$ cat data.txt   # compact mmCIF, C-alpha atoms and all ligand atoms
# COMPACT_ATOMS: atom_id res chain seq x y z
CA MET D 1 0.71 -15.18 3.84
CA ARG D 2 -1.22 -12.07 2.80
CA ARG D 3 -2.55 -10.20 5.76
CA GLU D 4 -5.45 -7.81 5.66
CA HIS D 5 -4.66 -4.47 7.22
CA PRO D 6 -7.47 -2.12 8.22
CA THR D 7 -7.77 1.16 6.34
CA ALA D 8 -10.03 3.69 7.97
CA VAL D 9 -10.56 6.89 5.98
CA LEU D 10 -11.77 9.63 8.21
CA ASP D 11 -10.85 13.05 6.91
CA THR D 12 -11.99 15.63 9.42
CA GLN D 13 -13.31 19.14 9.25
CA GLU D 14 -12.13 20.86 12.41
CA GLN D 15 -14.23 23.11 14.63
CA ASP D 16 -12.97 26.32 13.01
CA GLY D 17 -13.80 25.00 9.54
CA SER D 18 -10.21 24.33 8.45
CA ALA D 19 -9.40 21.04 6.74
CA ALA D 20 -7.29 18.56 8.68
CA ALA D 21 -6.22 14.95 8.49
CA THR D 22 -4.14 12.50 10.49
CA ALA D 23 -2.18 9.61 8.97
CA VAL D 24 -0.14 6.74 10.37
CA ALA D 25 2.71 5.07 8.49
CA HIS D 26 5.32 2.46 9.36
CA PRO D 27 8.98 2.25 8.39
CA ASN D 28 10.19 -0.24 5.81
CA ILE D 29 13.45 -2.10 5.51
CA ALA D 30 14.85 -2.67 2.04
CA LEU D 31 15.84 -6.20 1.07
CA ILE D 32 17.01 -4.87 -2.30
CA LYS D 33 18.47 -1.46 -1.51
CA TYR D 34 17.88 1.97 -2.93
CA TRP D 35 21.29 3.60 -3.05
CA GLY D 36 21.98 6.39 -5.51
CA LYS D 37 19.83 8.95 -7.29
CA ARG D 38 19.84 9.77 -10.99
CA ASP D 39 17.89 12.97 -10.35
CA GLU D 40 18.25 14.78 -7.03
CA ARG D 41 15.29 17.14 -7.38
CA LEU D 42 12.72 14.54 -8.40
CA ILE D 43 14.35 11.84 -6.24
CA LEU D 44 14.63 9.34 -9.07
CA PRO D 45 16.70 6.32 -8.05
CA VAL D 46 19.31 4.58 -10.17
CA THR D 47 17.82 1.14 -9.42
CA ASP D 48 14.53 -0.48 -8.42
CA SER D 49 14.34 -1.49 -4.77
CA LEU D 50 12.21 -3.87 -2.71
CA SER D 51 11.29 -3.73 0.97
CA MET D 52 9.22 -5.09 3.81
CA THR D 53 7.03 -2.64 5.70
CA LEU D 54 7.28 -3.20 9.46
CA ASP D 55 4.68 -3.49 12.21
CA VAL D 56 6.77 -1.42 14.68
CA PHE D 57 7.82 2.24 15.09
CA PRO D 58 4.81 3.98 13.51
CA THR D 59 4.82 7.69 12.74
CA THR D 60 1.60 9.63 13.31
CA THR D 61 1.26 12.97 11.53
CA HIS D 62 -1.51 15.53 11.85
CA VAL D 63 -1.84 18.28 9.25
CA ARG D 64 -4.23 21.20 9.70
CA LEU D 65 -4.58 24.07 7.26
CA ALA D 66 -4.04 27.40 8.96
CA PRO D 67 -5.84 30.22 7.11
CA GLY D 68 -4.12 33.53 7.89
CA ALA D 69 -0.86 32.00 9.08
CA GLY D 70 2.29 33.46 7.51
CA GLN D 71 4.34 30.28 7.71
CA ASP D 72 4.09 26.57 8.43
CA GLU D 73 4.29 25.53 12.06
CA VAL D 74 5.95 22.13 12.39
CA THR D 75 6.27 20.16 15.62
CA LEU D 76 8.40 17.01 15.73
CA ASN D 77 8.00 14.83 18.80
CA GLY D 78 6.67 17.76 20.82
CA ALA D 79 9.39 20.28 19.86
CA PRO D 80 9.41 22.85 17.05
CA ALA D 81 11.18 21.39 13.99
CA THR D 82 14.35 23.35 13.30
CA GLY D 83 17.12 23.30 10.71
CA GLU D 84 17.19 20.72 7.93
CA ALA D 85 14.18 18.71 9.22
CA GLY D 86 11.93 21.77 9.25
CA ARG D 87 13.17 22.92 5.83
CA ARG D 88 12.48 19.52 4.26
CA ILE D 89 8.93 19.44 5.63
CA THR D 90 8.16 22.98 4.42
CA ALA D 91 9.64 22.20 0.99
CA PHE D 92 7.43 19.12 0.83
CA LEU D 93 4.33 21.14 1.80
CA ASP D 94 5.23 23.65 -0.94
CA LEU D 95 4.98 20.78 -3.42
CA VAL D 96 1.57 19.80 -2.08
CA ARG D 97 0.39 23.46 -2.15
CA GLU D 98 1.58 23.85 -5.74
CA ARG D 99 -0.50 20.82 -6.77
CA ALA D 100 -3.51 21.97 -4.75
CA GLY D 101 -3.31 25.54 -6.07
CA SER D 102 -3.34 26.72 -2.46
CA ASP D 103 -1.19 29.19 -0.59
CA LEU D 104 -2.51 28.25 2.85
CA ARG D 105 0.14 27.44 5.44
CA ALA D 106 -0.26 24.39 7.69
CA VAL D 107 0.21 23.27 11.26
CA VAL D 108 1.99 19.90 11.26
CA ASP D 109 2.36 17.74 14.34
CA THR D 110 4.42 14.55 14.03
CA GLU D 111 5.07 11.82 16.56
CA ASN D 112 7.89 9.53 15.47
CA THR D 113 8.47 6.40 17.54
CA VAL D 114 11.60 5.35 15.65
CA PRO D 115 14.95 6.80 16.78
CA THR D 116 15.45 9.63 14.27
CA GLY D 117 18.54 9.41 12.06
CA ALA D 118 19.66 5.97 13.26
CA GLY D 119 19.46 4.25 9.89
CA LEU D 120 16.07 2.83 10.82
CA ALA D 121 14.21 4.71 8.13
CA SER D 122 12.38 7.34 10.19
CA SER D 123 12.23 9.39 7.00
CA ALA D 124 10.28 6.61 5.26
CA SER D 125 7.44 6.47 7.78
CA GLY D 126 7.71 10.24 8.30
CA PHE D 127 7.22 11.32 4.68
CA ALA D 128 4.67 8.56 3.95
CA ALA D 129 2.52 9.80 6.85
CA LEU D 130 3.08 13.45 5.87
CA ALA D 131 2.22 12.79 2.20
CA MET D 132 -1.01 11.05 3.12
CA ALA D 133 -2.13 13.57 5.77
CA ALA D 134 -1.14 16.65 3.71
CA ALA D 135 -2.74 15.31 0.51
CA ALA D 136 -5.99 14.73 2.44
CA ALA D 137 -5.91 18.10 4.26
CA TYR D 138 -5.27 20.00 1.00
CA GLY D 139 -7.94 17.91 -0.77
CA LEU D 140 -5.70 16.43 -3.48
CA GLY D 141 -7.72 13.20 -3.73
CA LEU D 142 -4.75 10.98 -4.64
CA ASP D 143 -4.82 7.21 -5.02
CA ASP D 144 -2.08 5.07 -3.45
CA THR D 145 0.11 5.14 -6.57
CA ALA D 146 0.00 8.93 -6.70
CA LEU D 147 0.63 9.10 -2.93
CA SER D 148 3.66 6.86 -3.39
CA ARG D 149 5.04 9.22 -6.09
CA LEU D 150 4.38 12.18 -3.82
CA ALA D 151 5.98 10.56 -0.74
CA ARG D 152 9.04 9.79 -2.91
CA ARG D 153 9.67 13.53 -3.25
CA GLY D 154 10.09 13.79 0.55
CA SER D 155 12.39 10.79 0.89
CA GLY D 156 12.88 8.04 -1.67
CA SER D 157 12.23 5.15 0.69
CA ALA D 158 8.94 6.78 1.82
CA SER D 159 7.41 5.79 -1.54
CA ARG D 160 7.46 2.18 -0.30
CA SER D 161 5.84 2.86 3.11
CA ILE D 162 2.53 3.79 1.46
CA PHE D 163 2.04 0.03 1.07
CA GLY D 164 2.17 -2.83 3.57
CA ASP D 165 4.03 -6.15 3.52
CA PHE D 166 6.44 -6.51 0.56
CA THR D 167 6.75 -3.60 -1.85
CA VAL D 168 8.78 -2.81 -4.96
CA TRP D 169 9.69 0.77 -5.93
CA HIS D 170 10.19 1.18 -9.67
CA ALA D 171 13.03 3.47 -10.71
CA GLY D 172 10.93 4.58 -13.70
CA PRO D 173 11.99 4.78 -17.35
CA ASP D 174 15.47 6.22 -17.95
CA THR D 175 15.00 7.75 -21.39
CA GLY D 176 15.91 11.32 -20.47
CA ASP D 177 12.22 12.30 -20.35
CA LEU D 178 11.91 13.50 -16.74
CA ASP D 179 8.09 13.73 -16.79
CA ALA D 180 7.85 10.09 -17.87
CA ALA D 181 10.42 9.09 -15.24
CA ASP D 182 8.54 10.99 -12.52
CA LEU D 183 5.28 9.28 -13.49
CA GLY D 184 6.88 5.85 -13.68
CA SER D 185 8.70 6.01 -10.36
CA TYR D 186 6.35 4.70 -7.66
CA ALA D 187 6.01 1.70 -5.38
CA GLU D 188 3.48 -1.10 -5.49
CA PRO D 189 2.80 -4.28 -3.52
CA VAL D 190 4.68 -7.45 -4.45
CA PRO D 191 2.72 -10.69 -4.35
CA THR D 192 4.37 -13.34 -2.19
CA ALA D 193 3.69 -16.93 -1.20
CA ASP D 194 3.50 -17.92 2.47
CA LEU D 195 6.67 -16.68 4.19
CA ASP D 196 5.92 -15.89 7.84
CA PRO D 197 9.10 -13.83 8.28
CA ALA D 198 10.41 -11.88 11.23
CA LEU D 199 12.97 -9.12 11.25
CA VAL D 200 15.05 -9.04 14.43
CA ILE D 201 16.30 -5.47 14.81
CA ALA D 202 19.50 -4.89 16.74
CA VAL D 203 19.86 -1.21 17.56
CA VAL D 204 23.54 -1.09 18.40
CA ASN D 205 23.61 2.71 18.37
CA ALA D 206 20.51 4.92 18.33
CA GLY D 207 22.45 8.15 17.81
CA PRO D 208 22.35 10.24 14.63
CA LYS D 209 24.43 9.06 11.67
CA PRO D 210 27.77 10.73 10.85
CA VAL D 211 26.85 11.37 7.18
CA SER D 212 23.27 11.80 5.89
CA SER D 213 22.12 9.15 3.42
CA ARG D 214 21.54 11.97 0.93
CA GLU D 215 25.19 13.08 1.06
CA ALA D 216 26.51 9.51 1.25
CA MET D 217 24.53 8.48 -1.86
CA ARG D 218 25.75 11.49 -3.79
CA ARG D 219 29.37 10.79 -2.88
CA THR D 220 29.01 7.09 -3.75
CA VAL D 221 27.47 7.76 -7.18
CA ASP D 222 30.04 10.46 -7.96
CA THR D 223 33.22 8.76 -6.75
CA SER D 224 32.87 5.03 -6.05
CA PRO D 225 34.28 2.74 -8.76
CA LEU D 226 32.09 -0.03 -7.29
CA PHE D 227 28.80 1.81 -7.70
CA ARG D 228 28.00 0.85 -11.31
CA PRO D 229 28.84 -2.85 -10.89
CA TRP D 230 26.65 -2.99 -7.76
CA ALA D 231 23.76 -1.22 -9.52
CA ASP D 232 24.00 -3.73 -12.38
CA SER D 233 24.10 -6.73 -10.04
CA SER D 234 21.23 -5.28 -8.03
CA ARG D 235 18.98 -5.71 -11.10
CA ASP D 236 19.75 -9.44 -11.07
CA ASP D 237 19.22 -9.53 -7.30
CA LEU D 238 15.75 -8.07 -7.79
CA THR D 239 14.85 -10.70 -10.38
CA ASP D 240 16.05 -13.46 -8.05
CA MET D 241 14.28 -11.84 -5.09
CA ARG D 242 10.94 -11.73 -6.88
CA ALA D 243 11.28 -15.43 -7.75
CA ALA D 244 12.17 -16.32 -4.14
CA LEU D 245 9.18 -14.35 -2.80
CA THR D 246 6.82 -15.99 -5.28
CA LYS D 247 8.11 -19.41 -4.24
CA GLY D 248 7.93 -18.55 -0.54
CA ASP D 249 11.62 -19.47 -0.16
CA LEU D 250 12.58 -17.38 2.88
CA GLU D 251 16.12 -18.73 2.96
CA ALA D 252 16.73 -17.51 -0.60
CA VAL D 253 15.10 -14.16 0.27
CA GLY D 254 17.57 -13.78 3.15
CA GLU D 255 20.57 -14.82 1.09
CA ILE D 256 19.78 -12.33 -1.68
CA ALA D 257 19.00 -9.52 0.80
CA GLU D 258 22.29 -10.05 2.63
CA ARG D 259 24.44 -10.04 -0.51
CA ASN D 260 22.65 -6.96 -1.84
CA ALA D 261 23.17 -5.03 1.43
CA LEU D 262 26.84 -6.01 1.79
CA GLY D 263 27.37 -4.94 -1.82
CA MET D 264 25.75 -1.57 -1.10
CA HIS D 265 28.09 -1.03 1.86
CA ALA D 266 31.05 -2.04 -0.34
CA THR D 267 30.12 0.75 -2.77
CA MET D 268 30.26 3.27 0.08
CA LEU D 269 33.53 1.94 1.47
CA ALA D 270 35.02 2.51 -1.98
CA ALA D 271 33.72 6.10 -2.17
CA ARG D 272 36.28 8.92 -1.90
CA PRO D 273 36.39 9.71 0.93
CA ALA D 274 34.89 6.46 2.22
CA VAL D 275 31.52 6.35 3.97
CA ARG D 276 31.52 3.73 6.71
CA TYR D 277 28.34 3.21 8.71
CA LEU D 278 29.27 -0.22 10.06
CA SER D 279 30.77 -0.26 13.57
CA PRO D 280 32.56 -2.95 15.60
CA ALA D 281 29.18 -3.87 17.18
CA THR D 282 27.73 -4.31 13.67
CA VAL D 283 30.45 -6.82 12.83
CA THR D 284 29.93 -8.64 16.14
CA VAL D 285 26.25 -9.11 15.25
CA LEU D 286 27.17 -10.21 11.70
CA ASP D 287 29.48 -12.86 13.20
CA GLN D 288 26.63 -14.08 15.37
CA VAL D 289 24.36 -14.32 12.32
CA LEU D 290 27.00 -16.53 10.65
CA GLN D 291 27.13 -18.69 13.77
CA LEU D 292 23.33 -19.02 13.77
CA ARG D 293 23.51 -20.24 10.18
CA ARG D 294 26.18 -22.79 11.12
CA ASP D 295 23.77 -23.93 13.83
CA GLY D 296 21.05 -24.45 11.22
CA VAL D 297 18.99 -21.25 11.59
CA ALA D 298 18.11 -19.46 8.34
CA ALA D 299 19.15 -16.00 9.58
CA TYR D 300 20.42 -13.30 7.21
CA ALA D 301 21.46 -9.72 7.90
CA THR D 302 20.83 -6.37 6.26
CA MET D 303 22.09 -2.90 7.21
CA ASP D 304 21.15 0.58 6.06
CA ALA D 305 22.69 4.01 6.50
CA GLY D 306 23.75 3.26 10.07
CA PRO D 307 25.40 0.62 12.26
CA ASN D 308 22.19 -1.22 13.19
CA VAL D 309 21.55 -4.74 11.96
CA LYS D 310 18.24 -6.26 10.91
CA VAL D 311 18.16 -10.03 10.81
CA LEU D 312 15.61 -11.74 8.59
CA CYS D 313 14.56 -15.19 9.78
CA PRO D 314 11.52 -17.45 10.05
CA ARG D 315 9.10 -16.12 12.66
CA ALA D 316 9.42 -19.44 14.52
CA ASP D 317 13.15 -18.75 15.07
CA ALA D 318 12.82 -15.06 15.97
CA GLN D 319 13.17 -15.53 19.72
CA ARG D 320 16.26 -17.69 19.34
CA VAL D 321 17.82 -15.18 16.96
CA ALA D 322 16.96 -12.26 19.29
CA ASP D 323 18.51 -14.06 22.29
CA ALA D 324 21.67 -14.86 20.30
CA VAL D 325 22.01 -11.25 19.13
CA ARG D 326 21.50 -9.95 22.68
CA ALA D 327 24.15 -12.34 23.99
CA ALA D 328 26.62 -11.20 21.33
CA ALA D 329 25.93 -7.46 21.69
CA PRO D 330 24.71 -6.89 25.27
CA ASP D 331 24.68 -3.11 24.89
CA SER D 332 22.24 -3.22 21.99
CA THR D 333 18.46 -2.97 22.08
CA VAL D 334 16.88 -5.91 20.28
CA LEU D 335 13.30 -6.19 19.14
CA VAL D 336 11.32 -8.40 16.83
CA ALA D 337 9.25 -6.95 13.98
CA GLY D 338 6.99 -8.54 11.41
CA PRO D 339 5.36 -7.40 8.18
CA GLY D 340 3.21 -4.34 8.81
CA PRO D 341 0.42 -2.32 7.23
CA GLY D 342 0.53 0.43 4.61
CA ALA D 343 -0.04 4.08 5.48
CA ARG D 344 -3.61 5.00 6.39
CA LEU D 345 -5.74 7.92 7.49
CA VAL D 346 -7.05 7.69 11.03
CA ASP D 347 -9.31 9.72 13.28
CA GLU D 348 -8.10 11.79 16.22
CA GLY D 349 -8.09 8.78 18.53
CA GLY D 350 -5.63 7.05 16.18
CA ARG D 351 -8.28 4.58 14.93
O1 LIG E 1 15.03 7.43 1.64
P1 LIG E 1 16.38 7.75 2.18
O2 LIG E 1 16.98 8.95 1.54
O3 LIG E 1 16.39 7.83 3.69
O4 LIG E 1 17.40 6.56 1.78
C1 LIG E 1 17.31 5.27 2.35
C2 LIG E 1 18.42 4.43 1.88
C3 LIG E 1 18.57 3.08 2.58
O5 LIG E 1 17.80 3.01 3.75
C4 LIG E 1 20.02 2.89 2.98
C5 LIG E 1 18.20 1.93 1.64
C6 LIG E 1 16.73 1.77 1.35
O6 LIG E 1 16.42 1.29 0.26
O7 LIG E 1 15.90 2.07 2.22
$ encode --input "data.txt" --output "structure tokens"
Amino acid sequence: MRREHPTAVLDTQEQDGSAAATAVAHPNIALIKYWGKRDERLILPVTDSLSMTLDVFPTTTHVRLAPGAGQDEVTLNGAPATGEAGRRITAFLDLVRERAGSDLRAVVDTENTVPTGAGLASSASGFAALAMAAAAAYGLGLDDTALSRLARRGSGSASRSIFGDFTVWHAGPDTGDLDAADLGSYAEPVPTADLDPALVIAVVNAGPKPVSSREAMRRTVDTSPLFRPWADSSRDDLTDMRAALTKGDLEAVGEIAERNALGMHATMLAARPAVRYLSPATVTVLDQVLQLRRDGVAAYATMDAGPNVKVLCPRADAQRVADAVRAAAPDSTVLVAGPGPGARLVDEGGR
């Protein structure tokens, strides 16, 4: 089923004449994972990846140009952004300024509703919203493809959150020509047949992750003997995934997503030293997913850079799956998500 998502474009000129814009973006969960960069600066991935944008946990980001200000002022969930988070946002704004030929600093205000750093892709919605709001405030006039390329430079997975529903992010040509690779590495929507999926999200631990995905990817690419074989098999997974989406075969979609995710975690477990995001509660939920399958429910699991589990299933079974996951992991927070919209500009009231 293709759903129409509203896109309001309301760039504003604030009272004092400075340009400003507000954007909303949603996280996405990869069904074919992005794991491993071939260029750290440009954030070029080793493989293509494919994801579903969610209809929960939106990030809203307001960017206002601040003539006369000596530095960017960044607020994250009501508090000044410090350390690595602040540095990444300023570095991203530098990129936007370079393209806009501007040296104006900005005031950035971000409200993230996803638990930051919990492997639930807060960086995807965060940099997609920032890319869209900053590009509008600095007057870059980018289309969605160019916004996806730009968002990629903040966080790879953010390239996919520019679009709604199912999205593929192309790794870009790997010929050694970095300009061509940069140009060719963007996300775009994937056509699907009727699927009506739900993603049951089990937050077994909302705390920050022990190793950042950036560091974990680097270590995996550099040291894991399983990385190359997984990257090769991931290409086949993507081909199979596209076919399953075109056919509307949700069971096949789940099966491919689960094997791709478990393979990704195997690459990390084989890194030196190992990176292990999966916890005992993760495994408990995975056991319950197996039990659901034995009971005839087409439920399949995927995990990212954290212990939380996302279970893909038909929307009609979502409640049953959520109840089963809650029963298995009573300390977890369980919620049901569906396919959500791409990033969009909104007015001050969030419309
Ligand atoms: O975009 P990053 O650097 O947060 O990396 C995300 C990596 C995974 O979430 C584990 C997989 C993916 O494709 O989203």
$ residues_near_point --input "data.txt" --point "(21.9, -9.7, 9.0)" --cutoff "7 Å" --atoms "only C-alpha atoms" --output "list of chain:residue names"
D:Glu258, D:Leu286, D:Val289, D:Ala299, D:Tyr300, D:Ala301, D:Thr302, D:Val309, D:Lys310, D:Val311, D:Leu312
$ axis_aligned_box --input "data.txt" --around "region 77-94 of chain D" --padding-each-side "4 Å" --output "lines of an AutoDock Vina configuration file"
center_x = 10.8
center_y = 19.2
center_z = 9.9
size_x = 20.9
size_y = 16.8
size_z = 29.8
$ closest_residue --input "data.txt" --among "D:Ala69, D:Leu42, D:Ala180, D:Ala261" --to "ligand LIG 1 (chain E)" --atoms "all atoms listed in the file"
D:Ala261
$ residues_around --input "data.txt" --residues "Leu262 (chain D)" --least-positions-apart "3" --cutoff "12 Å" --atoms "all atoms listed in the file" --output "list of chain:residue names"
D:Leu31, D:Ile32, D:Lys33, D:Trp230, D:Ser234, D:Glu255, D:Ile256, D:Ala257, D:Glu258, D:Arg259, D:His265, D:Ala266, D:Thr267, D:Met268, D:Leu269, D:Arg276, D:Tyr277, D:Leu278, D:Val283, D:Leu286, D:Tyr300, D:Ala301, D:Thr302, D:Met303, D:Asp304, D:Ala305, D:Val309
$ residues_around --input "data.txt" --residues "Gly296 (chain D)" --least-positions-apart "6" --cutoff "12 Å" --atoms "all atoms listed in the file" --output "list in words"
Glu251, Val289, Leu290, Cys313, Pro314, Asp317, Arg320 and Val321 of chain D
$ closest_residue --input "data.txt" --among "D:Ala136, D:Thr145, D:Ala270, D:Tyr34" --to "Leu226 (chain D)" --atoms "only C-alpha atoms"
D:Ala270
$ closest_residue --input "data.txt" --among "D:Thr82, D:Ser213, D:Thr113, D:Thr333" --to "ligand LIG 1 (chain E)" --atoms "all atoms listed in the file"
D:Ser213
$ closest_atom_pairs --input "data.txt" --of "chain D" --to "ligand LIG 1 (chain E)" --cutoff "9 Å" --atoms "only C-alpha atoms and all ligand atoms" --output "CSV"
residue,atom,partner,partner_atom,distance
D:Asn28,CA,E:LIG1,O7,7.1
D:Ile29,CA,E:LIG1,O7,5.8
D:Ala30,CA,E:LIG1,O6,4.6
D:Leu31,CA,E:LIG1,O6,7.6
D:Ile32,CA,E:LIG1,O6,6.7
D:Lys33,CA,E:LIG1,O6,3.9
D:Tyr34,CA,E:LIG1,O6,3.6
D:Trp35,CA,E:LIG1,C2,5.8
D:Gly36,CA,E:LIG1,C2,8.4
D:Ile43,CA,E:LIG1,O2,8.7
D:Ser49,CA,E:LIG1,O6,6.1
D:Leu50,CA,E:LIG1,O6,7.3
D:Ser51,CA,E:LIG1,O6,7.2
D:Gly117,CA,E:LIG1,O3,8.8
D:Gly119,CA,E:LIG1,O5,6.5
D:Leu120,CA,E:LIG1,O5,7.3
D:Ala121,CA,E:LIG1,O3,5.8
D:Ser122,CA,E:LIG1,O3,7.7
D:Ser123,CA,E:LIG1,O3,5.5
D:Ala124,CA,E:LIG1,O1,6.0
D:Arg152,CA,E:LIG1,O1,7.9
D:Gly154,CA,E:LIG1,O1,8.1
D:Ser155,CA,E:LIG1,O1,4.3
D:Gly156,CA,E:LIG1,O1,4.0
D:Ser157,CA,E:LIG1,O1,3.7
D:Ala158,CA,E:LIG1,O1,6.1
D:Ser159,CA,E:LIG1,O1,8.4
D:Arg160,CA,E:LIG1,O7,8.8
D:Ser212,CA,E:LIG1,O2,8.2
D:Ser213,CA,E:LIG1,O2,5.5
D:Arg214,CA,E:LIG1,O2,5.5
D:Met217,CA,E:LIG1,C2,8.2
D:Ala261,CA,E:LIG1,C5,8.6
D:Met264,CA,E:LIG1,C4,8.3
D:Met303,CA,E:LIG1,C4,7.5
D:Asp304,CA,E:LIG1,C4,4.0
D:Ala305,CA,E:LIG1,C4,4.6
D:Gly306,CA,E:LIG1,C4,8.0
$ residues_around --input "data.txt" --residues "Gly248 (chain D)" --least-positions-apart "6" --cutoff "7 Å" --atoms "all atoms listed in the file" --output "PDB file with C-alpha atoms, in the frame of the given file"
ATOM      1  CA  THR D 192       4.370 -13.340  -2.190  1.00  0.00           C
ATOM      2  CA  ALA D 193       3.690 -16.930  -1.200  1.00  0.00           C
ATOM      3  CA  ASP D 194       3.500 -17.920   2.470  1.00  0.00           C
ATOM      4  CA  LEU D 195       6.670 -16.680   4.190  1.00  0.00           C
TER       5      LEU D 195
END
$ closest_residue --input "data.txt" --among "D:Gly126, D:Gly139, D:Gly340, D:Pro80" --to "Gly101 (chain D)" --atoms "all atoms listed in the file"
D:Gly139
$ residues_near_point --input "data.txt" --point "(-4.2, 23.7, -1.5)" --cutoff "10 Å" --atoms "all atoms listed in the file" --output "PyMOL selection string"
chain D and resi 65+93-105+134-140
$ write_last_selection --input "data.txt" --atoms "C-alpha atoms" --output "compact mmCIF listing (two decimals), keeping the file's coordinate frame"
# COMPACT_ATOMS: atom_id res chain seq x y z
CA LEU D 65 -4.58 24.07 7.26
CA LEU D 93 4.33 21.14 1.80
CA ASP D 94 5.23 23.65 -0.94
CA LEU D 95 4.98 20.78 -3.42
CA VAL D 96 1.57 19.80 -2.08
CA ARG D 97 0.39 23.46 -2.15
CA GLU D 98 1.58 23.85 -5.74
CA ARG D 99 -0.50 20.82 -6.77
CA ALA D 100 -3.51 21.97 -4.75
CA GLY D 101 -3.31 25.54 -6.07
CA SER D 102 -3.34 26.72 -2.46
CA ASP D 103 -1.19 29.19 -0.59
CA LEU D 104 -2.51 28.25 2.85
CA ARG D 105 0.14 27.44 5.44
CA ALA D 134 -1.14 16.65 3.71
CA ALA D 135 -2.74 15.31 0.51
CA ALA D 136 -5.99 14.73 2.44
CA ALA D 137 -5.91 18.10 4.26
CA TYR D 138 -5.27 20.00 1.00
CA GLY D 139 -7.94 17.91 -0.77
CA LEU D 140 -5.70 16.43 -3.48
$ atom_distance --input "data.txt" --atom1 "CA of Gly164 (chain D)" --atom2 "CA of Ala146 (chain D)"
15.8 Å
$ residues_around --input "data.txt" --residues "Arg272 (chain D)" --least-positions-apart "3" --cutoff "10 Å" --atoms "only C-alpha atoms" --output "PDB file with C-alpha atoms, keeping the file's coordinate frame"
ATOM      1  CA  ARG D 219      29.370  10.790  -2.880  1.00  0.00           C
ATOM      2  CA  THR D 220      29.010   7.090  -3.750  1.00  0.00           C
ATOM      3  CA  ASP D 222      30.040  10.460  -7.960  1.00  0.00           C
ATOM      4  CA  THR D 223      33.220   8.760  -6.750  1.00  0.00           C
ATOM      5  CA  SER D 224      32.870   5.030  -6.050  1.00  0.00           C
ATOM      6  CA  PRO D 225      34.280   2.740  -8.760  1.00  0.00           C
ATOM      7  CA  MET D 268      30.260   3.270   0.080  1.00  0.00           C
ATOM      8  CA  LEU D 269      33.530   1.940   1.470  1.00  0.00           C
ATOM      9  CA  VAL D 275      31.520   6.350   3.970  1.00  0.00           C
TER      10      VAL D 275
END
$ closest_residue --input "data.txt" --among "D:Ala231, D:Leu345, D:Val325, D:Ala318" --to "Pro45 (chain D)" --atoms "only C-alpha atoms"
D:Ala231
$ closest_residue --input "data.txt" --among "D:His26, D:Arg294, D:Arg242, D:Arg87" --to "Thr60 (chain D)" --atoms "all atoms listed in the file"
D:His26
$ atom_distance --input "data.txt" --atom1 "CA of Thr284 (chain D)" --atom2 "CA of Asp331 (chain D)"
11.6 Å
$ residues_around --input "data.txt" --residues "Tyr186 (chain D)" --least-positions-apart "5" --cutoff "6 Å" --atoms "all atoms listed in the file" --output "MDAnalysis selection string"
chainID D and resid 148:149 169:170
$ atom_distance --input "data.txt" --atom1 "CA of Asp144 (chain D)" --atom2 "CA of Thr246 (chain D)"
22.9 Å
$ build_atoms --input "data.txt" --residues "region 48-55 of chain D" --atoms "N, CA, C and O atoms" --output "mmCIF file, keeping the file's coordinate frame"
data_model
loop_
_atom_site.group_PDB
_atom_site.id
_atom_site.type_symbol
_atom_site.label_atom_id
_atom_site.label_comp_id
_atom_site.auth_asym_id
_atom_site.auth_seq_id
_atom_site.Cartn_x
_atom_site.Cartn_y
_atom_site.Cartn_z
ATOM 1 N N ASP D 48 15.743 -0.080 -9.146
ATOM 2 C CA ASP D 48 14.530 -0.480 -8.420
ATOM 3 C C ASP D 48 14.952 -0.985 -7.037
ATOM 4 O O ASP D 48 16.074 -1.455 -6.870
ATOM 5 N N SER D 49 14.046 -0.921 -6.079
ATOM 6 C CA SER D 49 14.340 -1.490 -4.770
ATOM 7 C C SER D 49 13.104 -2.226 -4.239
ATOM 8 O O SER D 49 11.999 -2.043 -4.763
ATOM 9 N N LEU D 50 13.313 -3.049 -3.225
ATOM 10 C CA LEU D 50 12.210 -3.870 -2.710
ATOM 11 C C LEU D 50 12.323 -3.950 -1.195
ATOM 12 O O LEU D 50 13.427 -4.125 -0.673
ATOM 13 N N SER D 51 11.206 -3.806 -0.495
ATOM 14 C CA SER D 51 11.290 -3.730 0.970
ATOM 15 C C SER D 51 10.142 -4.447 1.652
ATOM 16 O O SER D 51 9.154 -4.825 1.019
ATOM 17 N N MET D 52 10.307 -4.601 2.958
ATOM 18 C CA MET D 52 9.220 -5.090 3.810
ATOM 19 C C MET D 52 8.822 -3.959 4.752
ATOM 20 O O MET D 52 9.667 -3.392 5.445
ATOM 21 N N THR D 53 7.534 -3.632 4.751
ATOM 22 C CA THR D 53 7.030 -2.640 5.700
ATOM 23 C C THR D 53 6.896 -3.331 7.053
ATOM 24 O O THR D 53 6.502 -4.499 7.131
ATOM 25 N N LEU D 54 7.237 -2.600 8.124
ATOM 26 C CA LEU D 54 7.280 -3.200 9.460
ATOM 27 C C LEU D 54 5.998 -2.928 10.251
ATOM 28 O O LEU D 54 5.229 -2.023 9.923
ATOM 29 N N ASP D 55 5.833 -3.697 11.327
ATOM 30 C CA ASP D 55 4.680 -3.490 12.210
ATOM 31 C C ASP D 55 5.097 -2.778 13.508
ATOM 32 O O ASP D 55 4.370 -2.817 14.494
#
